[in-house]
Structure formats: C-alpha cells, structure tokens
Amino acid sequence: MVQANSYSIQEFVSDARRVLGEADGDRERVVEELTPLVERVLWDDGLFDERYRAEPENGRPRYMYHSDPVGTLQVYVVEFAPGMPTPVHDHVTWGLIGTCGGRQHTRRYVRKDDGSDQTRAELELIEDVVLTRGAVYPLLPPNDIHRIETVGDEPSYSLHVLGVDLGRQKRNIYDPETGSVTQVEGRGM
C-alpha cells in the first residue's frame with residue numbers, strides 16, 4: 001500500500017527559501033541541501049493543482065508555485081508534450097530539475113572548450129538517459145547544459161527549482177553537431 005506524500009509543494013517552497021537565505025550565496029550548498037527535498041516533493045500530487053496553472057510559455061503549460069520578486073528563486077512544473085523537445089540549452093544559474101510525471105529523455109552535456117568564443121562551443125555528451133518520476137539532477141554552471149524530450153504519447157512533467165527568473169536571464173542554445181551557440185534572452189525557447 002502506497003502512503004500519500006506528506007511533504008507538500010508549499011512546504012518545499014518554504015524550506016527552499018530558508019535554505020537559500022542560510023546559504024549566503026553558496027550555490028553548491030543550496031543544490032546539495034535542496035536535492036533530498038526535491039526528491040521528496042516530486043511525489044506530491046499537489047504539483048498538478050489547477051489553481052497554480054500559469055500561462056503557457058513556448059507552447060508548454062506550467063504550474064507556478066513561487067517566483068521571488070527579486071528573481072532569486074523560481075519553483076514551477078513544466079509540461080512537455082510529445083514531439084516538442086527543448087533545444088540543447090543552459091540556464092546560467094544553479095538549479096535542480098526533477099521528473100514528476102511521465103518519461104523524459106534527458107541529455108546532459110559539458111563544455112570542453114574554454115568559452116572564450118561566445119558563438120562556438122565544443123560539447124561532450126555526459127549523460128543520455130530516460131528519467132521517470134523521482135529522478136533529480138543538478139544544474140551548476142557551467143555544467144547546466146541539457147535537453148529534455150518526452151518519451152511516449154503522453155506528456156511528461158518536471159519540477160524546476162532555479163536560482164533566477166528565466167524571464168530576466170540571458171542564456172544559450174547550443175547545436176552540438178555544428179558547434180554554434182545562439183544567445184537568447186528570457187524563456188524564449
């Protein structure tokens with residue numbers, strides 16, 4: 001018999017705000033301390049509460065749980081439709097992504113060049129896996145380059161916990177085949 005999750009998204013947001021406040025800018029500490037909490041909250045069926053449904057961005061429905069006014073913490077769930085993968089991209093901030101529904105083919109990359117040419121990058125694929133509910137991975141720049149694609153005919157969902165409001169952030173889209181890098185501003189991908 002499976003027990004209901006007793007750790008809610010609202011409790012997680014409160015704990016995340018506390019951890020962020022205590023970490024004094026140490027992003028590695030924030031990610032380390034939040035990882036087990038993200039692992040717990042991924043089982044909260046409250047993650048799909050219609051009261052938190054936000055306007056879709058780039059065709060992707062979202063559930064917005066926290067957006068700090070100064071942009072230092074965002075917590076939301078993104079729905080990924082079949083056939084609509086993300087490009088290979090970064091977030092240029094600390095974060096955690098946890099799968100909370102469906103199956104997601106996730107590819108993670110590291111940059112092998114020194115980053116001095118903002119229009120070119122040599123990427124190496126370091127992880128190519130299908131993730132299901134409960135899986136979590138960190139984003140710690142420069143090791144935050146990834147791609148998400150739903151596997152199957154049903155949408156997949158992932159919780160994003162980020163140290164910045166992506167609407168205010170300059171980020172990059174990568175083409176691993178050609179090595180090109182395109183800078184974008186905001187969530188535009």
# chains A, B, ... in the order shown; residues from 1 in each chain; ligands from 1

$ residues_around --residues "A:Leu37" --least-positions-apart "4" --cutoff "8 Å" --atoms "only C-alpha atoms" --output "list in words"
Phe12, Glu33 and Val41 of chain A

$ write_last_selection --atoms "C-alpha atoms" --output "short mmCIF file (atom, residue, chain, number, x, y, z; two decimals), in the first residue's frame"
data_model
loop_
_atom_site.label_atom_id
_atom_site.label_comp_id
_atom_site.auth_asym_id
_atom_site.auth_seq_id
_atom_site.Cartn_x
_atom_site.Cartn_y
_atom_site.Cartn_z
CA PHE A 12 9.07 22.73 -0.11
CA GLU A 33 20.66 20.83 0.63
CA VAL A 41 8.29 16.75 -3.15
#

$ residues_around --residues "stretch 57-64 of chain A" --least-positions-apart "2" --cutoff "12 Å" --atoms "only C-alpha atoms" --output "PyMOL selection string"
chain A and resi 9-10+13+46-55+66-68+73-87+155-161+165-167+186-189

$ closest_residue --among "A:Val88, A:Cys100, A:Leu123, A:Val184" --to "A:Ile148" --atoms "only C-alpha atoms"
A:Val88

$ select_by_dssp --residues "stretch 10-168 of chain A" --states "alpha helix (DSSP H)" --output "list in words"
Gln10, Glu11, Phe12, Val13, Ser14, Asp15, Ala16, Arg17, Arg18, Val19, Leu20, Gly21, Glu22, Arg27, Glu28, Arg29, Val30, Val31, Glu32, Glu33, Leu34, Thr35, Pro36, Leu37, Val38, Glu39, Arg40 and Val41 of chain A

$ closest_atom_pairs --of "stretch 70-151 of chain A" --to "stretch 173-183 of chain A" --cutoff "9 Å" --atoms "only C-alpha atoms" --output "tab-separated table"
residue	atom	partner	partner_atom	distance
A:Pro87	CA	A:Ile173	CA	6.5
A:Val88	CA	A:Tyr174	CA	5.3
A:His89	CA	A:Ile173	CA	4.4
A:Asp90	CA	A:Ile173	CA	6.9
A:Gln118	CA	A:Val181	CA	6.8
A:Thr119	CA	A:Val181	CA	4.6
A:Arg120	CA	A:Ser180	CA	4.7
A:Ala121	CA	A:Gly179	CA	5.0
A:Glu122	CA	A:Gly179	CA	5.8
A:Leu123	CA	A:Pro176	CA	6.0
A:Glu124	CA	A:Pro176	CA	8.1
A:Leu125	CA	A:Pro176	CA	8.8
A:Ile145	CA	A:Tyr174	CA	8.5

$ write_last_selection --atoms "C-alpha atoms" --output "PDB file, in the first residue's frame"
ATOM      1  CA  PRO A  87      16.806  22.590 -27.824  1.00  0.00           C
ATOM      2  CA  VAL A  88      20.130  21.910 -26.108  1.00  0.00           C
ATOM      3  CA  HIS A  89      20.324  24.868 -23.719  1.00  0.00           C
ATOM      4  CA  ASP A  90      21.639  26.201 -20.432  1.00  0.00           C
ATOM      5  CA  GLN A 118      30.522  33.136 -27.310  1.00  0.00           C
ATOM      6  CA  THR A 119      29.312  31.928 -30.718  1.00  0.00           C
ATOM      7  CA  ARG A 120      31.002  28.489 -30.686  1.00  0.00           C
ATOM      8  CA  ALA A 121      31.164  25.604 -28.228  1.00  0.00           C
ATOM      9  CA  GLU A 122      32.572  22.117 -28.148  1.00  0.00           C
ATOM     10  CA  LEU A 123      30.167  19.938 -26.171  1.00  0.00           C
ATOM     11  CA  GLU A 124      30.587  16.439 -24.813  1.00  0.00           C
ATOM     12  CA  LEU A 125      27.551  14.286 -24.026  1.00  0.00           C
ATOM     13  CA  ILE A 145      23.668  22.285 -20.466  1.00  0.00           C
TER      14      ILE A 145
END

$ select_by_dssp --residues "stretch 53-172 of chain A" --states "strand (DSSP E or B)" --output "PyMOL selection string"
chain A and resi 53-57+60-67+74-80+88-89+95-101+104-111+120+123-131+136-140+143+145-150+156-162+170-172

$ atom_distance --atom1 "atom CA of A:Gly25" --atom2 "atom CA of A:His91"
17.2 Å
